[in-house]
file start14.cif (mmCIF, N, CA, C and O atoms)
data_model
#
loop_
_atom_site.label_atom_id
_atom_site.label_comp_id
_atom_site.auth_asym_id
_atom_site.auth_seq_id
_atom_site.Cartn_x
_atom_site.Cartn_y
_atom_site.Cartn_z
N MET A 1 -49.11 7.66 -8.28
CA MET A 1 -47.80 7.69 -7.64
C MET A 1 -46.98 8.82 -8.27
O MET A 1 -46.90 8.94 -9.48
N ALA A 2 -46.38 9.64 -7.44
CA ALA A 2 -45.61 10.78 -7.91
C ALA A 2 -44.27 10.33 -8.48
O ALA A 2 -43.66 9.38 -8.00
N THR A 3 -43.85 11.02 -9.50
CA THR A 3 -42.55 10.76 -10.11
C THR A 3 -41.53 11.73 -9.53
O THR A 3 -41.79 12.93 -9.44
N ILE A 4 -40.39 11.21 -9.16
CA ILE A 4 -39.32 12.06 -8.66
C ILE A 4 -38.64 12.69 -9.86
O ILE A 4 -38.20 12.00 -10.78
N GLU A 5 -38.54 14.01 -9.84
CA GLU A 5 -37.98 14.73 -10.97
C GLU A 5 -36.56 15.20 -10.75
O GLU A 5 -35.87 15.55 -11.71
N GLN A 6 -36.12 15.23 -9.51
CA GLN A 6 -34.74 15.64 -9.22
C GLN A 6 -34.22 14.85 -8.03
O GLN A 6 -34.99 14.47 -7.15
N PHE A 7 -32.93 14.61 -8.02
CA PHE A 7 -32.37 13.76 -6.97
C PHE A 7 -32.55 14.36 -5.58
O PHE A 7 -32.61 13.64 -4.59
N GLU A 8 -32.68 15.67 -5.49
CA GLU A 8 -32.86 16.33 -4.20
C GLU A 8 -34.16 15.92 -3.50
O GLU A 8 -34.32 16.15 -2.30
N ASP A 9 -35.07 15.31 -4.25
CA ASP A 9 -36.34 14.86 -3.67
C ASP A 9 -36.28 13.43 -3.14
O ASP A 9 -37.22 12.96 -2.51
N ILE A 10 -35.18 12.75 -3.36
CA ILE A 10 -35.02 11.36 -2.91
C ILE A 10 -34.70 11.35 -1.42
O ILE A 10 -33.74 11.99 -0.97
N GLU A 11 -35.51 10.63 -0.64
CA GLU A 11 -35.33 10.60 0.81
C GLU A 11 -33.94 10.10 1.21
O GLU A 11 -33.34 10.61 2.16
N ALA A 12 -33.43 9.09 0.53
CA ALA A 12 -32.10 8.56 0.86
C ALA A 12 -31.03 9.63 0.66
O ALA A 12 -30.07 9.71 1.43
N TRP A 13 -31.18 10.45 -0.37
CA TRP A 13 -30.22 11.53 -0.61
C TRP A 13 -30.30 12.55 0.52
O TRP A 13 -29.28 13.01 1.03
N LYS A 14 -31.53 12.90 0.95
CA LYS A 14 -31.71 13.86 2.04
C LYS A 14 -31.08 13.36 3.33
O LYS A 14 -30.40 14.10 4.04
N LYS A 15 -31.30 12.07 3.65
CA LYS A 15 -30.70 11.50 4.85
C LYS A 15 -29.18 11.44 4.74
O LYS A 15 -28.47 11.68 5.71
N GLY A 16 -28.69 11.12 3.55
CA GLY A 16 -27.25 11.12 3.32
C GLY A 16 -26.64 12.49 3.50
O GLY A 16 -25.53 12.63 4.03
N ARG A 17 -27.37 13.51 3.07
CA ARG A 17 -26.89 14.88 3.24
C ARG A 17 -26.79 15.24 4.73
O ARG A 17 -25.79 15.84 5.16
N GLU A 18 -27.79 14.85 5.51
CA GLU A 18 -27.74 15.09 6.96
C GLU A 18 -26.57 14.35 7.60
O GLU A 18 -25.86 14.91 8.45
N LEU A 19 -26.35 13.12 7.18
CA LEU A 19 -25.24 12.33 7.70
C LEU A 19 -23.91 12.99 7.34
O LEU A 19 -23.01 13.10 8.18
N ARG A 20 -23.79 13.45 6.11
CA ARG A 20 -22.55 14.11 5.67
C ARG A 20 -22.27 15.34 6.53
O ARG A 20 -21.13 15.56 6.95
N ARG A 21 -23.29 16.14 6.81
CA ARG A 21 -23.11 17.32 7.67
C ARG A 21 -22.60 16.90 9.05
O ARG A 21 -21.70 17.53 9.60
N ALA A 22 -23.20 15.85 9.60
CA ALA A 22 -22.80 15.38 10.93
C ALA A 22 -21.36 14.86 10.92
O ALA A 22 -20.60 15.10 11.87
N ILE A 23 -20.99 14.15 9.86
CA ILE A 23 -19.62 13.63 9.75
C ILE A 23 -18.62 14.78 9.66
O ILE A 23 -17.59 14.78 10.34
N TYR A 24 -18.92 15.77 8.84
CA TYR A 24 -18.02 16.92 8.73
C TYR A 24 -17.89 17.64 10.07
O TYR A 24 -16.80 18.07 10.44
N HIS A 25 -19.01 17.74 10.79
CA HIS A 25 -18.96 18.42 12.09
C HIS A 25 -18.08 17.66 13.08
O HIS A 25 -17.16 18.25 13.67
N CYS A 26 -18.34 16.39 13.28
CA CYS A 26 -17.58 15.65 14.30
C CYS A 26 -16.13 15.45 13.90
O CYS A 26 -15.26 15.36 14.76
N SER A 27 -15.84 15.42 12.61
CA SER A 27 -14.46 15.17 12.17
C SER A 27 -13.59 16.42 12.16
O SER A 27 -12.41 16.34 11.84
N ARG A 28 -14.17 17.54 12.51
CA ARG A 28 -13.35 18.76 12.59
C ARG A 28 -12.91 19.05 14.02
O ARG A 28 -12.12 19.95 14.25
N LEU A 29 -13.41 18.28 14.97
CA LEU A 29 -13.17 18.57 16.38
C LEU A 29 -12.00 17.78 16.96
O LEU A 29 -11.78 16.62 16.60
N GLY A 30 -11.27 18.39 17.85
CA GLY A 30 -10.24 17.74 18.64
C GLY A 30 -9.24 16.90 17.87
O GLY A 30 -8.80 17.27 16.78
N ALA A 31 -8.91 15.75 18.44
CA ALA A 31 -7.92 14.87 17.83
C ALA A 31 -8.40 14.32 16.49
O ALA A 31 -7.58 14.06 15.60
N PHE A 32 -9.71 14.14 16.33
CA PHE A 32 -10.25 13.65 15.06
C PHE A 32 -9.86 14.61 13.93
O PHE A 32 -9.45 14.18 12.85
N GLY A 33 -9.95 15.88 14.18
CA GLY A 33 -9.60 16.88 13.17
C GLY A 33 -8.14 16.86 12.78
O GLY A 33 -7.77 17.34 11.71
N LYS A 34 -7.30 16.29 13.66
CA LYS A 34 -5.86 16.24 13.39
C LYS A 34 -5.42 14.90 12.79
O LYS A 34 -4.28 14.77 12.35
N ASP A 35 -6.31 13.92 12.81
CA ASP A 35 -6.03 12.63 12.18
C ASP A 35 -6.43 12.75 10.71
O ASP A 35 -7.50 12.33 10.29
N PHE A 36 -5.54 13.35 9.94
CA PHE A 36 -5.88 13.73 8.57
C PHE A 36 -6.28 12.55 7.69
O PHE A 36 -7.19 12.67 6.88
N ALA A 37 -5.64 11.42 7.87
CA ALA A 37 -5.95 10.26 7.03
C ALA A 37 -7.38 9.78 7.28
O ALA A 37 -8.17 9.64 6.33
N LEU A 38 -7.75 9.53 8.53
CA LEU A 38 -9.09 9.06 8.83
C LEU A 38 -10.12 10.14 8.55
O LEU A 38 -11.18 9.87 7.97
N ARG A 39 -9.82 11.37 8.94
CA ARG A 39 -10.75 12.47 8.71
C ARG A 39 -11.09 12.61 7.24
O ARG A 39 -12.25 12.68 6.86
N ASP A 40 -10.06 12.62 6.40
CA ASP A 40 -10.30 12.79 4.97
C ASP A 40 -11.02 11.59 4.36
O ASP A 40 -11.90 11.75 3.52
N GLN A 41 -10.67 10.39 4.79
CA GLN A 41 -11.30 9.19 4.24
C GLN A 41 -12.77 9.09 4.64
O GLN A 41 -13.62 8.76 3.81
N ILE A 42 -13.09 9.40 5.88
CA ILE A 42 -14.48 9.31 6.32
C ILE A 42 -15.32 10.39 5.64
O ILE A 42 -16.48 10.18 5.30
N ARG A 43 -14.72 11.54 5.40
CA ARG A 43 -15.44 12.59 4.67
C ARG A 43 -15.68 12.18 3.22
O ARG A 43 -16.77 12.40 2.69
N ARG A 44 -14.69 11.58 2.60
CA ARG A 44 -14.88 11.11 1.21
C ARG A 44 -15.99 10.06 1.13
O ARG A 44 -16.80 10.08 0.21
N ALA A 45 -16.02 9.16 2.09
CA ALA A 45 -17.07 8.13 2.09
C ALA A 45 -18.45 8.77 2.26
O ALA A 45 -19.40 8.37 1.59
N SER A 46 -18.55 9.77 3.12
CA SER A 46 -19.86 10.41 3.33
C SER A 46 -20.30 11.18 2.09
O SER A 46 -21.49 11.18 1.75
N VAL A 47 -19.36 11.80 1.40
CA VAL A 47 -19.69 12.51 0.15
C VAL A 47 -20.07 11.50 -0.93
O VAL A 47 -20.98 11.75 -1.74
N SER A 48 -19.42 10.36 -0.94
CA SER A 48 -19.67 9.34 -1.95
C SER A 48 -21.11 8.83 -1.90
O SER A 48 -21.70 8.51 -2.94
N ILE A 49 -21.68 8.77 -0.71
CA ILE A 49 -23.06 8.26 -0.58
C ILE A 49 -24.01 9.13 -1.39
O ILE A 49 -24.73 8.63 -2.27
N THR A 50 -24.02 10.42 -1.12
CA THR A 50 -24.95 11.31 -1.83
C THR A 50 -24.56 11.49 -3.29
O THR A 50 -25.43 11.60 -4.16
N SER A 51 -23.28 11.49 -3.56
CA SER A 51 -22.82 11.66 -4.95
C SER A 51 -23.28 10.50 -5.83
O SER A 51 -23.69 10.71 -6.97
N ASN A 52 -23.20 9.28 -5.31
CA ASN A 52 -23.64 8.13 -6.09
C ASN A 52 -25.14 8.14 -6.33
O ASN A 52 -25.60 7.80 -7.42
N ILE A 53 -25.91 8.56 -5.34
CA ILE A 53 -27.35 8.66 -5.53
C ILE A 53 -27.66 9.70 -6.61
O ILE A 53 -28.44 9.44 -7.53
N ALA A 54 -27.01 10.84 -6.52
CA ALA A 54 -27.25 11.91 -7.50
C ALA A 54 -26.81 11.50 -8.90
O ALA A 54 -27.57 11.67 -9.87
N GLU A 55 -25.62 10.95 -9.01
CA GLU A 55 -25.12 10.56 -10.33
C GLU A 55 -25.98 9.47 -10.96
O GLU A 55 -26.33 9.53 -12.14
N GLY A 56 -26.33 8.48 -10.16
CA GLY A 56 -27.17 7.40 -10.69
C GLY A 56 -28.52 7.90 -11.18
O GLY A 56 -29.01 7.49 -12.23
N PHE A 57 -29.12 8.81 -10.42
CA PHE A 57 -30.40 9.37 -10.82
C PHE A 57 -30.27 10.14 -12.13
O PHE A 57 -31.11 10.01 -13.03
N GLU A 58 -29.22 10.92 -12.24
CA GLU A 58 -29.03 11.76 -13.42
C GLU A 58 -28.69 10.96 -14.68
O GLU A 58 -28.84 11.46 -15.78
N ARG A 59 -28.27 9.73 -14.52
CA ARG A 59 -27.98 8.88 -15.68
C ARG A 59 -29.25 8.55 -16.46
O ARG A 59 -29.19 8.25 -17.65
N GLY A 60 -30.40 8.58 -15.79
CA GLY A 60 -31.67 8.45 -16.47
C GLY A 60 -32.19 7.04 -16.73
O GLY A 60 -33.27 6.89 -17.26
N GLY A 61 -31.45 6.04 -16.36
CA GLY A 61 -31.91 4.67 -16.58
C GLY A 61 -31.99 3.91 -15.27
O GLY A 61 -31.15 4.09 -14.38
N ASN A 62 -32.99 3.06 -15.15
CA ASN A 62 -33.17 2.30 -13.90
C ASN A 62 -32.01 1.37 -13.61
O ASN A 62 -31.59 1.23 -12.46
N LYS A 63 -31.48 0.72 -14.64
CA LYS A 63 -30.40 -0.24 -14.44
C LYS A 63 -29.15 0.46 -13.87
O LYS A 63 -28.55 -0.02 -12.91
N GLU A 64 -28.80 1.59 -14.46
CA GLU A 64 -27.64 2.34 -13.95
C GLU A 64 -27.92 2.91 -12.56
O GLU A 64 -27.05 2.91 -11.70
N PHE A 65 -29.14 3.40 -12.35
CA PHE A 65 -29.50 3.96 -11.05
C PHE A 65 -29.34 2.90 -9.97
O PHE A 65 -28.77 3.18 -8.90
N ILE A 66 -29.80 1.70 -10.24
CA ILE A 66 -29.68 0.61 -9.27
C ILE A 66 -28.21 0.33 -8.96
O ILE A 66 -27.83 0.12 -7.80
N GLN A 67 -27.37 0.34 -9.98
CA GLN A 67 -25.93 0.12 -9.75
C GLN A 67 -25.33 1.21 -8.87
O GLN A 67 -24.56 0.93 -7.95
N PHE A 68 -25.70 2.46 -9.12
CA PHE A 68 -25.18 3.56 -8.31
C PHE A 68 -25.73 3.51 -6.89
O PHE A 68 -25.03 3.90 -5.94
N LEU A 69 -26.97 3.04 -6.73
CA LEU A 69 -27.50 2.85 -5.37
C LEU A 69 -26.70 1.79 -4.63
O LEU A 69 -26.44 1.92 -3.43
N ALA A 70 -26.29 0.75 -5.34
CA ALA A 70 -25.44 -0.28 -4.74
C ALA A 70 -24.10 0.32 -4.32
O ALA A 70 -23.57 -0.02 -3.25
N ASN A 71 -23.55 1.20 -5.16
CA ASN A 71 -22.30 1.88 -4.80
C ASN A 71 -22.49 2.74 -3.55
O ASN A 71 -21.62 2.76 -2.67
N ALA A 72 -23.62 3.44 -3.48
CA ALA A 72 -23.91 4.28 -2.30
C ALA A 72 -24.00 3.41 -1.05
O ALA A 72 -23.50 3.77 0.01
N LYS A 73 -24.64 2.25 -1.18
CA LYS A 73 -24.75 1.33 -0.05
C LYS A 73 -23.37 0.85 0.39
O LYS A 73 -23.07 0.74 1.59
N GLY A 74 -22.51 0.58 -0.58
CA GLY A 74 -21.13 0.20 -0.26
C GLY A 74 -20.41 1.29 0.49
O GLY A 74 -19.67 1.03 1.45
N SER A 75 -20.63 2.54 0.10
CA SER A 75 -20.02 3.68 0.80
C SER A 75 -20.55 3.79 2.22
O SER A 75 -19.82 4.20 3.12
N CYS A 76 -21.81 3.41 2.43
CA CYS A 76 -22.36 3.39 3.79
C CYS A 76 -21.61 2.40 4.66
O CYS A 76 -21.30 2.69 5.83
N GLY A 77 -21.31 1.24 4.10
CA GLY A 77 -20.53 0.24 4.84
C GLY A 77 -19.13 0.73 5.15
O GLY A 77 -18.62 0.54 6.27
N GLU A 78 -18.50 1.37 4.17
CA GLU A 78 -17.17 1.94 4.37
C GLU A 78 -17.21 2.98 5.49
O GLU A 78 -16.36 2.98 6.39
N LEU A 79 -18.20 3.85 5.45
CA LEU A 79 -18.34 4.89 6.46
C LEU A 79 -18.55 4.28 7.85
O LEU A 79 -17.93 4.72 8.83
N ARG A 80 -19.39 3.27 7.93
CA ARG A 80 -19.64 2.62 9.22
C ARG A 80 -18.36 2.01 9.80
O ARG A 80 -18.07 2.14 10.98
N ASP A 81 -17.56 1.38 8.94
CA ASP A 81 -16.29 0.82 9.39
C ASP A 81 -15.36 1.92 9.90
O ASP A 81 -14.70 1.76 10.93
N GLN A 82 -15.33 3.03 9.21
CA GLN A 82 -14.47 4.15 9.63
C GLN A 82 -14.97 4.75 10.94
O GLN A 82 -14.17 5.22 11.75
N LEU A 83 -16.29 4.72 11.15
CA LEU A 83 -16.81 5.18 12.43
C LEU A 83 -16.37 4.27 13.57
O LEU A 83 -16.14 4.74 14.68
N TYR A 84 -16.25 2.97 13.29
CA TYR A 84 -15.70 2.07 14.31
C TYR A 84 -14.27 2.48 14.65
O TYR A 84 -13.88 2.46 15.82
N ALA A 85 -13.48 2.85 13.65
CA ALA A 85 -12.11 3.31 13.90
C ALA A 85 -12.14 4.57 14.76
O ALA A 85 -11.36 4.71 15.71
N ALA A 86 -13.06 5.50 14.44
CA ALA A 86 -13.18 6.73 15.22
C ALA A 86 -13.61 6.43 16.65
O ALA A 86 -13.13 7.05 17.60
N LEU A 87 -14.49 5.46 16.82
CA LEU A 87 -14.92 5.05 18.16
C LEU A 87 -13.76 4.43 18.92
O LEU A 87 -13.51 4.77 20.08
N ASP A 88 -13.03 3.53 18.26
CA ASP A 88 -11.90 2.86 18.91
C ASP A 88 -10.82 3.85 19.33
O ASP A 88 -10.15 3.65 20.35
N GLU A 89 -10.64 4.90 18.56
CA GLU A 89 -9.64 5.93 18.88
C GLU A 89 -10.20 7.00 19.82
O GLU A 89 -9.50 7.94 20.16
N ARG A 90 -11.45 6.84 20.22
CA ARG A 90 -12.15 7.77 21.11
C ARG A 90 -12.29 9.16 20.50
O ARG A 90 -12.32 10.16 21.21
N TYR A 91 -12.41 9.21 19.17
CA TYR A 91 -12.70 10.47 18.49
C TYR A 91 -14.19 10.79 18.58
O TYR A 91 -14.57 11.95 18.48
N VAL A 92 -15.00 9.75 18.69
CA VAL A 92 -16.45 9.91 18.90
C VAL A 92 -16.85 9.07 20.09
O VAL A 92 -16.23 8.03 20.37
N SER A 93 -17.87 9.52 20.80
CA SER A 93 -18.40 8.75 21.93
C SER A 93 -19.29 7.63 21.43
O SER A 93 -19.69 7.61 20.27
N ALA A 94 -19.64 6.74 22.33
CA ALA A 94 -20.54 5.64 21.97
C ALA A 94 -21.89 6.20 21.54
O ALA A 94 -22.51 5.68 20.59
N ASP A 95 -22.36 7.25 22.19
CA ASP A 95 -23.64 7.86 21.79
C ASP A 95 -23.55 8.50 20.41
O ASP A 95 -24.48 8.37 19.60
N GLU A 96 -22.44 9.18 20.13
CA GLU A 96 -22.26 9.78 18.79
C GLU A 96 -22.21 8.68 17.74
O GLU A 96 -22.80 8.81 16.67
N PHE A 97 -21.50 7.61 18.05
CA PHE A 97 -21.40 6.49 17.14
C PHE A 97 -22.79 5.93 16.81
O PHE A 97 -23.12 5.75 15.64
N LYS A 98 -23.59 5.69 17.83
CA LYS A 98 -24.94 5.16 17.63
C LYS A 98 -25.78 6.11 16.80
O LYS A 98 -26.52 5.69 15.91
N SER A 99 -25.66 7.39 17.06
CA SER A 99 -26.42 8.39 16.33
C SER A 99 -26.01 8.44 14.86
O SER A 99 -26.85 8.50 13.97
N LEU A 100 -24.72 8.39 14.61
CA LEU A 100 -24.21 8.46 13.23
C LEU A 100 -24.49 7.19 12.45
O LEU A 100 -24.73 7.23 11.24
N CYS A 101 -24.46 6.05 13.14
CA CYS A 101 -24.72 4.77 12.45
C CYS A 101 -26.21 4.52 12.28
O CYS A 101 -26.60 3.65 11.50
N GLY A 102 -27.02 5.27 13.00
CA GLY A 102 -28.48 5.20 12.87
C GLY A 102 -29.01 3.85 13.12
O GLY A 102 -29.95 3.33 12.71
#
call {"tool": "encode", "arguments": {"input": "start14.cif", "output": "structure tokens"}}
result
Amino acid sequence: MATIEQFEDIEAWKKGRELRRAIYHCSRLGAFGKDFALRDQIRRASVSITSNIAEGFERGGNKEFIQFLANAKGSCGELRDQLYAALDERYVSADEFKSLCG
């Protein structure tokens, strides 16, 4: 079994990075881009996912890594809730919502 030597090799981090790019893209468009509070909060949540994975990995211990993965999972829930707000405000379509929520 291969050992992961850097956080960039973690599949969850890679998927989180793709999600963050998509969030930044959709949150810069139209009315979403002008809703500064939601835009900034949803971006922070998307950054938090990958940041927690990276920080936990770099701590070097399994116990801490697991805790940071739990934090990343919590940020996923926060992001999903904010996407519901974006959907309700019609900042994203139902198809975009489904795609972003995976």
call {"tool": "atom_distance", "arguments": {"input": "start14.cif", "atom1": "atom C of A:Phe7", "atom2": "atom CA of A:Glu58"}}
result
9.0 Å
call {"tool": "select_by_dssp", "arguments": {"input": "start14.cif", "residues": "stretch 4-64 of chain A", "states": "helix (DSSP H, G or I)", "output": "number ranges by chain"}}
result
A: 7-9, 11-26, 30-34, 36-59, 62-64
call {"tool": "atom_distance", "arguments": {"input": "start14.cif", "atom1": "atom O of A:Arg17", "atom2": "atom C of A:Val47"}}
result
9.4 Å
call {"tool": "residues_around", "arguments": {"input": "start14.cif", "residues": "stretch 27-35 of chain A", "least_positions_apart": "4", "cutoff": "8 Å", "atoms": "only N, CA, C and O atoms", "output": "CSV table (one decimal) with N, CA, C and O atoms, in the frame of the given file"}}
result
chain,number,residue,atom,x,y,z
A,20,ARG,N,-23.8,13.4,6.1
A,20,ARG,CA,-22.6,14.1,5.7
A,20,ARG,C,-22.3,15.3,6.5
A,20,ARG,O,-21.1,15.6,7.0
A,21,ARG,N,-23.3,16.1,6.8
A,21,ARG,CA,-23.1,17.3,7.7
A,21,ARG,C,-22.6,16.9,9.0
A,21,ARG,O,-21.7,17.5,9.6
A,22,ALA,N,-23.2,15.8,9.6
A,22,ALA,CA,-22.8,15.4,10.9
A,22,ALA,C,-21.4,14.9,10.9
A,22,ALA,O,-20.6,15.1,11.9
A,23,ILE,N,-21.0,14.2,9.9
A,23,ILE,CA,-19.6,13.6,9.8
A,23,ILE,C,-18.6,14.8,9.7
A,23,ILE,O,-17.6,14.8,10.3
A,39,ARG,N,-9.8,11.4,8.9
A,39,ARG,CA,-10.8,12.5,8.7
A,39,ARG,C,-11.1,12.6,7.2
A,39,ARG,O,-12.2,12.7,6.9
A,40,ASP,N,-10.1,12.6,6.4
A,40,ASP,CA,-10.3,12.8,5.0
A,40,ASP,C,-11.0,11.6,4.4
A,40,ASP,O,-11.9,11.8,3.5
A,41,GLN,N,-10.7,10.4,4.8
A,41,GLN,CA,-11.3,9.2,4.2
A,41,GLN,C,-12.8,9.1,4.6
A,41,GLN,O,-13.6,8.8,3.8
A,42,ILE,N,-13.1,9.4,5.9
A,42,ILE,CA,-14.5,9.3,6.3
A,42,ILE,C,-15.3,10.4,5.6
A,42,ILE,O,-16.5,10.2,5.3
A,43,ARG,N,-14.7,11.5,5.4
A,43,ARG,CA,-15.4,12.6,4.7
A,43,ARG,C,-15.7,12.2,3.2
A,43,ARG,O,-16.8,12.4,2.7
A,86,ALA,N,-13.1,5.5,14.4
A,86,ALA,CA,-13.2,6.7,15.2
A,86,ALA,C,-13.6,6.4,16.6
A,86,ALA,O,-13.1,7.0,17.6
A,89,GLU,N,-10.6,4.9,18.6
A,89,GLU,CA,-9.6,5.9,18.9
A,89,GLU,C,-10.2,7.0,19.8
A,89,GLU,O,-9.5,7.9,20.2
A,90,ARG,N,-11.4,6.8,20.2
A,90,ARG,CA,-12.2,7.8,21.1
A,90,ARG,C,-12.3,9.2,20.5
A,90,ARG,O,-12.3,10.2,21.2
A,91,TYR,N,-12.4,9.2,19.2
A,91,TYR,CA,-12.7,10.5,18.5
A,91,TYR,C,-14.2,10.8,18.6
A,91,TYR,O,-14.6,12.0,18.5
A,92,VAL,N,-15.0,9.8,18.7
A,92,VAL,CA,-16.4,9.9,18.9
A,92,VAL,C,-16.8,9.1,20.1
A,92,VAL,O,-16.2,8.0,20.4
call {"tool": "residues_around", "arguments": {"input": "start14.cif", "residues": "A:Asn71", "least_positions_apart": "5", "cutoff": "6 Å", "atoms": "all atoms listed in the file", "output": "JSON, numbers by chain"}}
result
{"A": [48, 66, 76]}
call {"tool": "resolve_selection", "arguments": {"input": "start14.cif", "expression": "the PyMOL selection byres (((chain A and resi 55 and name CA) around 12) and name CA)", "output": "PyMOL selection string"}}
result
chain A and resi 6-8+13+47-54+56-61+64-69+71-72
call {"tool": "residues_around", "arguments": {"input": "start14.cif", "residues": "A:Tyr84", "least_positions_apart": "6", "cutoff": "12 Å", "atoms": "only C-alpha atoms", "output": "NGL selection string"}}
result
:A and (38 or 42 or 77-78 or 90-94 or 96-98 or 100-101)
call {"tool": "atom_distance", "arguments": {"input": "start14.cif", "atom1": "atom O of A:Ser75", "atom2": "atom CA of A:Gly102"}}
result
13.1 Å
call {"tool": "closest_residue", "arguments": {"input": "start14.cif", "among": "A:Ile10, A:Ala37, A:Ile4, A:Leu19", "to": "A:Ala85", "atoms": "only C-alpha atoms"}}
result
A:Ala37
call {"tool": "axis_aligned_box", "arguments": {"input": "start14.cif", "around": "stretch 27-44 of chain A", "padding_each_side": "4 Å", "output": "AutoDock Vina command-line options"}}
result
--center_x -10.5 --center_y 14.4 --center_z 9.4 --size_x 20.5 --size_y 19.2 --size_z 26.4
call {"tool": "closest_residue", "arguments": {"input": "start14.cif", "among": "A:Asp9, A:Ser99, A:Thr3, A:Arg80", "to": "A:Ala45", "atoms": "all atoms listed in the file"}}
result
A:Arg80
call {"tool": "build_atoms", "arguments": {"input": "start14.cif", "residues": "stretch 55-61 of chain A", "atoms": "all heavy atoms", "output": "tab-separated table (two decimals), keeping the file's coordinate frame"}}
result
chain	number	residue	atom	x	y	z
A	55	GLU	N	-25.62	10.95	-9.01
A	55	GLU	CA	-25.12	10.56	-10.33
A	55	GLU	C	-25.98	9.47	-10.96
A	55	GLU	O	-26.33	9.53	-12.14
A	55	GLU	CB	-23.67	10.10	-10.26
A	55	GLU	CG	-23.10	9.81	-11.63
A	55	GLU	CD	-21.62	9.47	-11.63
A	55	GLU	OE1	-20.97	9.54	-10.56
A	55	GLU	OE2	-21.11	9.13	-12.72
A	56	GLY	N	-26.33	8.48	-10.16
A	56	GLY	CA	-27.17	7.40	-10.69
A	56	GLY	C	-28.52	7.90	-11.18
A	56	GLY	O	-29.01	7.49	-12.23
A	57	PHE	N	-29.12	8.81	-10.42
A	57	PHE	CA	-30.40	9.37	-10.82
A	57	PHE	C	-30.27	10.14	-12.13
A	57	PHE	O	-31.11	10.01	-13.03
A	57	PHE	CB	-30.95	10.29	-9.73
A	57	PHE	CG	-32.27	10.90	-10.09
A	57	PHE	CD1	-33.44	10.19	-9.89
A	57	PHE	CD2	-32.35	12.17	-10.63
A	57	PHE	CE1	-34.67	10.74	-10.23
A	57	PHE	CE2	-33.56	12.73	-10.98
A	57	PHE	CZ	-34.73	12.01	-10.78
A	58	GLU	N	-29.22	10.92	-12.24
A	58	GLU	CA	-29.03	11.76	-13.42
A	58	GLU	C	-28.69	10.96	-14.68
A	58	GLU	O	-28.84	11.46	-15.78
A	58	GLU	CB	-27.95	12.81	-13.17
A	58	GLU	CG	-28.33	13.85	-12.12
A	58	GLU	CD	-29.51	14.73	-12.52
A	58	GLU	OE1	-29.77	14.91	-13.73
A	58	GLU	OE2	-30.19	15.22	-11.61
A	59	ARG	N	-28.27	9.73	-14.52
A	59	ARG	CA	-27.98	8.88	-15.68
A	59	ARG	C	-29.25	8.55	-16.46
A	59	ARG	O	-29.19	8.25	-17.65
A	59	ARG	CB	-27.31	7.58	-15.25
A	59	ARG	CG	-25.95	7.76	-14.61
A	59	ARG	CD	-24.89	7.84	-15.66
A	59	ARG	NE	-23.59	8.05	-15.04
A	59	ARG	CZ	-22.49	7.45	-15.45
A	59	ARG	NH1	-22.53	6.58	-16.43
A	59	ARG	NH2	-21.36	7.73	-14.86
A	60	GLY	N	-30.40	8.58	-15.79
A	60	GLY	CA	-31.67	8.45	-16.47
A	60	GLY	C	-32.19	7.04	-16.73
A	60	GLY	O	-33.27	6.89	-17.26
A	61	GLY	N	-31.45	6.04	-16.36
A	61	GLY	CA	-31.91	4.67	-16.58
A	61	GLY	C	-31.99	3.91	-15.27
A	61	GLY	O	-31.15	4.09	-14.38
